[in-house]
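This report concerns only the one structure given below.
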Amino acid sequence: MRRRKNRRWLLWWLGRGGIAIIALLALAAAGGFFWLRHSLPDYDGTAALAGLTAEVKVARDLDGVPSIFANDLPDAYRALGFVHAQDRFFQMEMTRRVGAGRLSEVLGEATLRFDRLMRTLDFYRLAEQSVALMEPAARAAVDAYAEGVNAWLATEPALPPEFLLLRAAPEPWVPADSVVWGRLMAFQLSNNMSDELLRARMAETLTPEQIGDLWAQNPPGSAETMTDLAAVMQNLPLRALADTLSAIQAPASASNEWVVSGAQSETGMPLLANDPHLGFGAPGLWYLARIVTPEAEIVGATVPGVPLTVVGHNRRIAWGFTTTHADTQDIFVERIDPDDAANYLTEKGSVPFVTREELITVRGRDEPEKLLVRATRNGPVISDVSRSAEKATPEDHVLSLAFAALSPQDRTAEGLYRLNQAQDWSEFVAAMRLFHAPMQNIAYADTSGNIGFYAPARLPIRRAGDGRLPAEGWTGENAWDGFVPFRDLPQAFNPPTGRIVNANNRLVRDGGKPFVAADWPASYRADRITTLLAARPKHDANSFASIQTDAKTLLARTMLPTLLENSAPIDDIRSHEILGQLSGWSGEMDRRRPEPLIFMAWLDALGRRLFADELGELADDFQQLRPRTLEHILSNRPQWCDDVTTEGSENCQAQIIAAFADALTFLSDRQGKNWRKWRWGDLHQAQFSHQMFGRIPLLRRLSDTSIPSDGGGFTINRGVYLSGNGDDAFSHIVGAGYRAIYDLSDLSRSRFMIATGQSGHFLSPLYGNLTQRWRAGEYLTIAGQKEDNPTATLVLRPAQP
């Protein structure tokens, strides 16, 4: 295999042409090329692994997807740890450093604000507590995985090239390094805190009614509780805190899932589709793997650093995740005791802050950063994280965070372990009981023909309010009174419709129980999926695949007629041609067409014209396209169309026309005057950037990948992009990094795809080899027997004592 790997590597390298030659010369001059080349893992041969009870075979296919054949699950998890480390160890290292608040040890001052936040939230210590609470079988899994990672480190491999650049050496892997990922995902997928901060900042200049307009699906007026707190909030570091959060939390994360019963399937058994939408990167989040033991077979998407299959199937059930967008975070304004700054006020009197000191090692500093972390009954004080410990905090108030993911009793990792092992609906539900955070919509299907759905979480019960705005902490009126009982969480089992669809759309009706959130993503994707499912009586894997790559936007049906109706006064020939082209457009967000680019640039420009004057510096934070808000303003609140910075009075038609002109000017400057040559894919390109080498011009050409892509923010084939008129406008940054279709009639025929490749090494031919096929809507199958002849075979043997 070494010779075959060398040949594949050479062909890939020569294909890079002049870019590779330049980089080769630079690395050779530094004496680094030989080291870089030999830091690629060897997928063939044998290795000793401490703790194994029997020999394990790791068979990789042409795309580097491993099938791990082991005698039992602990041995399989040891092998998975070894395999993950071979392919993605730097990604694993950075994830655990983020979770532990230890980035600054290797990256210096630039990441200090992130470390302050992570130390304040205390995710790593909480992960250690979760490990201690695990039942024996789950604990054995994370222990075995750590042994596998450490066995790879013990081989003294040439570490990934990022370690050379950082001049850093890895520490041994421990179970909390795996479990902390769940806390990070809970934080990244729970964005209500950011919206609370944005509304609080808006309250300094906007009325409650105006704030209600901007979140148009909500009844206006619920922002009135900010009236008394607005002056207090002005003295707190909201901007700096918001900037820190936005750099860590996932941008516009979402997902799709749907499942149909056997009555609506060509095979007579259920089909389940799932595609999570998270931020793109190189390497991507997901790593495909298959575990086979005499008692189990588990296949799907893993995350390097975590021993469990996050989304996938075993021999009896399949499951998929979408984010609920539940409100499990509340910010409280706490009043400091004027007589004792070490205390804060409650309705029962003065109470001392719980404090601890964190020492953060910072590269380039002789002494560590000292961070005093304070906590109230509601949660940690987060308004301290935006300043160094030496700077004074406001004298009278601070902000604390109540967050369901901060419970030391969180057992989500154990719940995921049980989900991997579940054999039927009752065992699936038992696993759901242990899911605390983040709240997810989990679709289910089994080989007995059942389908179902559960949205498990620690969902707070508030004494008052809906959690959309910071609340007074000293009164206790908005405090949490426990969590919604598990039996009352949204769920379904074999619904009479024979199908379940979720694309982050609303789970409960307005005023329904339980209260999950005040704000929900628009339902365009769910509506489109429902329409396509209803379009044929029975489905198969091919029809599901065509749905997953569907790029038709319902925005064209809801928004385009309004834009075209109001553009009637435009009379120049070029504009008439463009408007005529749009009037016949089907709404397909095809990368090869001009209409999607013109339409989205028009909407983007309209949003800036409507909001920039009232929002000022907050306009950029709000700029993400919000079609419900635009529809609400154009239909019901035309006063937003008036530019308050001018003496005259503008109406909505004038702003629509002006936005059209803005869009054409922007596109002409970027793409040339001939609109017929404009293409959505010229600007809408999926961006897969390496988190370190992407910042180095010479290496960026090798480490980063971009590809013109279909879809948009509200299509099933999701293509969330950057708004604005900068150089990166319309860059595709969030989408389906993983797609899967599970066939419960024969799970070996299930289909999978990730957006980049299995390897995290930018010189590997497996680094980005799947991107073209991902865009084309192709899939892999992950099956085969131990006796088959794979592309590469690694045999792991028990280490001799």
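We label chains A, B, ... in the order they appear in the structure tokens, count residues from 1 in each chain, and number ligands from 1 in the order shown.
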Q: Please identify which residues in range 237-477 of chain A DSSP calls alpha helix (DSSP H) from the backbone, and express them as a ChimeraX atom specification.
A: /A:238-248,412-421,425-432
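Nearest-residue note for Phe493 in chain A: choosing from A:Gly101, A:Gly452, A:Gly81, A:Pro380, the minimum distance belongs to A:Gly452, counting only C-alpha atoms.
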Q.
Which residues are close to range 55-60 of chain A, i.e. within 7 Å by only C-alpha atoms, leaving aside same-chain residues fewer than 6 positions away? Reply as a PyMOL selection string.
A. chain A and resi 66-70+790-798
**Q.** Among the residues A:Asn191, A:Ser731, A:Thr715, A:Asn256, the one that comes closest to Gly681 in chain A [using only C-alpha atoms]
**A.** A:Ser731
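Close contacts of range 628-642 of chain A, defined as residues with an atom at most 7 Å away when counting only C-alpha atoms, with chain neighbours fewer than 3 positions off set aside, comprise Asp213, Leu214, Trp215, Ala216, Leu610, Ser649, Glu650, Asn651, Cys652 and Gln655 of chain A.
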Write a file of the just-selected residues containing N, CA and C atoms, as a PDB file, in the first residue's frame.
```pdb
ATOM      1  N   ASP A 213     -40.983  44.683  15.333  1.00  0.00           N
ATOM      2  CA  ASP A 213     -41.019  44.621  13.867  1.00  0.00           C
ATOM      3  C   ASP A 213     -39.864  43.792  13.315  1.00  0.00           C
ATOM      4  N   LEU A 214     -38.696  43.919  13.927  1.00  0.00           N
ATOM      5  CA  LEU A 214     -37.502  43.268  13.394  1.00  0.00           C
ATOM      6  C   LEU A 214     -37.515  41.764  13.601  1.00  0.00           C
ATOM      7  N   TRP A 215     -38.296  41.279  14.553  1.00  0.00           N
ATOM      8  CA  TRP A 215     -38.538  39.852  14.716  1.00  0.00           C
ATOM      9  C   TRP A 215     -40.029  39.644  14.437  1.00  0.00           C
ATOM     10  N   ALA A 216     -40.366  39.693  13.161  1.00  0.00           N
ATOM     11  CA  ALA A 216     -41.750  39.910  12.753  1.00  0.00           C
ATOM     12  C   ALA A 216     -42.683  38.777  13.115  1.00  0.00           C
ATOM     13  N   LEU A 610     -33.427  49.632   4.249  1.00  0.00           N
ATOM     14  CA  LEU A 610     -34.505  49.740   5.233  1.00  0.00           C
ATOM     15  C   LEU A 610     -33.986  49.879   6.656  1.00  0.00           C
ATOM     16  N   SER A 649     -39.132  62.383   2.525  1.00  0.00           N
ATOM     17  CA  SER A 649     -39.839  61.187   2.995  1.00  0.00           C
ATOM     18  C   SER A 649     -39.851  60.175   1.866  1.00  0.00           C
ATOM     19  N   GLU A 650     -39.257  58.994   2.121  1.00  0.00           N
ATOM     20  CA  GLU A 650     -39.195  57.950   1.106  1.00  0.00           C
ATOM     21  C   GLU A 650     -40.258  56.893   1.384  1.00  0.00           C
ATOM     22  N   ASN A 651     -40.862  56.370   0.310  1.00  0.00           N
ATOM     23  CA  ASN A 651     -41.823  55.277   0.482  1.00  0.00           C
ATOM     24  C   ASN A 651     -41.167  53.958   0.085  1.00  0.00           C
ATOM     25  N   CYS A 652     -41.890  52.878   0.257  1.00  0.00           N
ATOM     26  CA  CYS A 652     -41.300  51.568   0.022  1.00  0.00           C
ATOM     27  C   CYS A 652     -40.988  51.333  -1.453  1.00  0.00           C
ATOM     28  N   GLN A 655     -37.693  52.839  -2.227  1.00  0.00           N
ATOM     29  CA  GLN A 655     -36.576  52.086  -1.678  1.00  0.00           C
ATOM     30  C   GLN A 655     -36.335  50.794  -2.471  1.00  0.00           C
TER      31      GLN A 655
END
```
Q: Please provide as a ChimeraX atom specification all residues within 9 Å of Val83 in chain A, with the sequence filter that same-chain residues fewer than 5 positions apart are discarded (counting only C-alpha atoms).
A: /A:58,66,78,88,148-149,152
Extract the full set of strand (DSSP E or B) residues from range 619-738 of chain A according to DSSP on the backbone, and format it as a PDB file with C-alpha atoms, in the first residue's frame.
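After the write, selection_2.pdb holds the following:
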```pdb
ATOM      1  CA  GLN A 685     -18.906  29.568  -3.691  1.00  0.00           C
ATOM      2  CA  ALA A 686     -18.664  27.062  -0.872  1.00  0.00           C
ATOM      3  CA  GLN A 687     -15.619  28.082   1.167  1.00  0.00           C
ATOM      4  CA  PHE A 688     -13.590  25.388   2.920  1.00  0.00           C
ATOM      5  CA  HIS A 690      -8.153  25.685   6.938  1.00  0.00           C
ATOM      6  CA  THR A 705     -10.822  25.031  -1.335  1.00  0.00           C
ATOM      7  CA  SER A 706     -13.740  26.881  -2.884  1.00  0.00           C
ATOM      8  CA  ILE A 707     -16.281  25.646  -5.376  1.00  0.00           C
ATOM      9  CA  PRO A 708     -19.272  27.347  -7.068  1.00  0.00           C
ATOM     10  CA  GLY A 719     -26.273  27.687   0.897  1.00  0.00           C
ATOM     11  CA  VAL A 720     -26.094  30.298   3.653  1.00  0.00           C
ATOM     12  CA  TYR A 721     -23.887  33.173   2.537  1.00  0.00           C
ATOM     13  CA  HIS A 732     -21.243  30.174   0.879  1.00  0.00           C
ATOM     14  CA  ILE A 733     -20.220  29.482   4.509  1.00  0.00           C
ATOM     15  CA  VAL A 734     -22.896  27.145   5.942  1.00  0.00           C
ATOM     16  CA  GLY A 735     -24.438  24.098   4.363  1.00  0.00           C
ATOM     17  CA  ALA A 736     -24.898  20.337   4.416  1.00  0.00           C
ATOM     18  CA  TYR A 738     -22.947  15.665   5.779  1.00  0.00           C
TER      19      TYR A 738
END
```
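Minimum distance to Tyr77 in chain A across A:Leu308, A:Leu272, A:Ala137, A:Val106 (counting only C-alpha atoms) occurs at A:Leu308.
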Q. To one decimal place, how far is CA of Leu469 in chain A from CA of His277 in chain A in Å?
A.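 About the pair CA of Leu469 in chain A and CA of His277 in chain A: they are 26.8 Å apart.
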**Q.** Residue with smallest distance to Ala545 in chain A - pool A:Ile716, A:Leu702, A:Ala342, A:Leu618, counting only C-alpha atoms
**A.**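 Among the listed residues, the smallest separation from Ala545 in chain A belongs to A:Ile716.
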Q: Identify which of the residues A:Ser523, A:Thr361, A:Gln329, A:Gln421 lies closest to Val299 in chain A, counting only C-alpha atoms when measuring atom-to-atom distances.
A: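 Of the candidates, the smallest distance to Val299 in chain A is held by A:Gln421.
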(Q) Could you check the closest approach to Pro490 in chain A for each of A:Ala326, A:Ser383, A:Ala158, A:Asp61 and tell me which residue wins, using only C-alpha atoms? (A) A:Ala326
**Q.** Test item: residues at most 9 Å from Ser586 in chain A, only C-alpha atoms, excluding those fewer than 2 positions along its chain, as number ranges by chain
**A.** A: 552-553, 556-557, 582-584, 588-589
Resulting file, chosen residues, N, CA and C atoms, as a PDB file, in the first residue's frame:
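Below is the file that was written, out_23.pdb:
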```pdb
ATOM      1  N   LYS A 552     -34.617  24.944  -5.119  1.00  0.00           N
ATOM      2  CA  LYS A 552     -35.660  25.923  -5.442  1.00  0.00           C
ATOM      3  C   LYS A 552     -36.028  26.701  -4.189  1.00  0.00           C
ATOM      4  N   THR A 553     -36.007  28.021  -4.289  1.00  0.00           N
ATOM      5  CA  THR A 553     -36.324  28.851  -3.134  1.00  0.00           C
ATOM      6  C   THR A 553     -37.759  29.344  -3.199  1.00  0.00           C
ATOM      7  N   ALA A 556     -38.760  33.204  -3.901  1.00  0.00           N
ATOM      8  CA  ALA A 556     -39.146  33.758  -5.200  1.00  0.00           C
ATOM      9  C   ALA A 556     -40.656  33.865  -5.329  1.00  0.00           C
ATOM     10  N   ARG A 557     -41.372  32.968  -4.658  1.00  0.00           N
ATOM     11  CA  ARG A 557     -42.831  33.010  -4.706  1.00  0.00           C
ATOM     12  C   ARG A 557     -43.397  34.089  -3.792  1.00  0.00           C
ATOM     13  N   LEU A 582     -36.165  38.081 -14.623  1.00  0.00           N
ATOM     14  CA  LEU A 582     -36.599  37.681 -13.286  1.00  0.00           C
ATOM     15  C   LEU A 582     -38.063  37.257 -13.264  1.00  0.00           C
ATOM     16  N   SER A 583     -38.883  37.909 -14.065  1.00  0.00           N
ATOM     17  CA  SER A 583     -40.320  37.598 -14.037  1.00  0.00           C
ATOM     18  C   SER A 583     -40.606  36.186 -14.520  1.00  0.00           C
ATOM     19  N   GLY A 584     -39.705  35.624 -15.305  1.00  0.00           N
ATOM     20  CA  GLY A 584     -39.902  34.257 -15.788  1.00  0.00           C
ATOM     21  C   GLY A 584     -39.074  33.225 -15.045  1.00  0.00           C
ATOM     22  N   GLU A 588     -35.152  28.584  -9.072  1.00  0.00           N
ATOM     23  CA  GLU A 588     -34.034  27.654  -8.906  1.00  0.00           C
ATOM     24  C   GLU A 588     -32.757  28.437  -8.637  1.00  0.00           C
ATOM     25  N   MET A 589     -32.116  28.137  -7.496  1.00  0.00           N
ATOM     26  CA  MET A 589     -30.864  28.809  -7.143  1.00  0.00           C
ATOM     27  C   MET A 589     -29.705  28.049  -7.784  1.00  0.00           C
TER      28      MET A 589
END
```
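Picture a line from CA of Arg97 in chain A to CA of Gly182 in chain A; it runs 13.8 Å.
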(Q) So that I can check the surroundings of Phe90 in chain A, please list as a ChimeraX atom specification every protein, DNA and RNA residue that reaches within 8 Å of it, counting only C-alpha atoms and ignoring chain neighbours fewer than 6 positions away. (A) /A:160,162-163,760
Written file, previous selection with all heavy atoms, as an mmCIF file, in the first residue's frame:
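again-v8.cif was written with the following content:
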```
data_model
loop_
_atom_site.group_PDB
_atom_site.id
_atom_site.type_symbol
_atom_site.label_atom_id
_atom_site.label_comp_id
_atom_site.auth_asym_id
_atom_site.auth_seq_id
_atom_site.Cartn_x
_atom_site.Cartn_y
_atom_site.Cartn_z
ATOM 1 N N PRO A 160 1.095 16.252 12.612
ATOM 2 C CA PRO A 160 0.595 17.110 11.535
ATOM 3 C C PRO A 160 1.395 18.417 11.452
ATOM 4 O O PRO A 160 1.906 18.908 12.463
ATOM 5 C CB PRO A 160 -0.857 17.366 11.932
ATOM 6 C CG PRO A 160 -1.235 16.174 12.754
ATOM 7 C CD PRO A 160 0.014 15.803 13.503
ATOM 8 N N GLU A 162 0.747 21.450 11.356
ATOM 9 C CA GLU A 162 0.341 22.583 12.177
ATOM 10 C C GLU A 162 1.138 22.644 13.484
ATOM 11 O O GLU A 162 1.416 23.716 14.003
ATOM 12 C CB GLU A 162 -1.154 22.493 12.499
ATOM 13 C CG GLU A 162 -2.069 22.622 11.279
ATOM 14 C CD GLU A 162 -2.388 21.300 10.633
ATOM 15 O OE1 GLU A 162 -1.648 20.316 10.868
ATOM 16 O OE2 GLU A 162 -3.377 21.227 9.883
ATOM 17 N N PHE A 163 1.508 21.473 13.999
ATOM 18 C CA PHE A 163 2.285 21.448 15.241
ATOM 19 C C PHE A 163 3.676 22.040 15.035
ATOM 20 O O PHE A 163 4.230 22.656 15.943
ATOM 21 C CB PHE A 163 2.381 20.016 15.775
ATOM 22 C CG PHE A 163 1.121 19.515 16.407
ATOM 23 C CD1 PHE A 163 0.194 18.799 15.673
ATOM 24 C CD2 PHE A 163 0.858 19.767 17.743
ATOM 25 C CE1 PHE A 163 -0.976 18.337 16.254
ATOM 26 C CE2 PHE A 163 -0.315 19.304 18.336
ATOM 27 C CZ PHE A 163 -1.228 18.594 17.590
ATOM 28 N N GLY A 760 -7.318 15.273 7.452
ATOM 29 C CA GLY A 760 -7.122 16.660 7.836
ATOM 30 C C GLY A 760 -5.773 17.196 7.417
ATOM 31 O O GLY A 760 -5.446 18.343 7.710
#
```
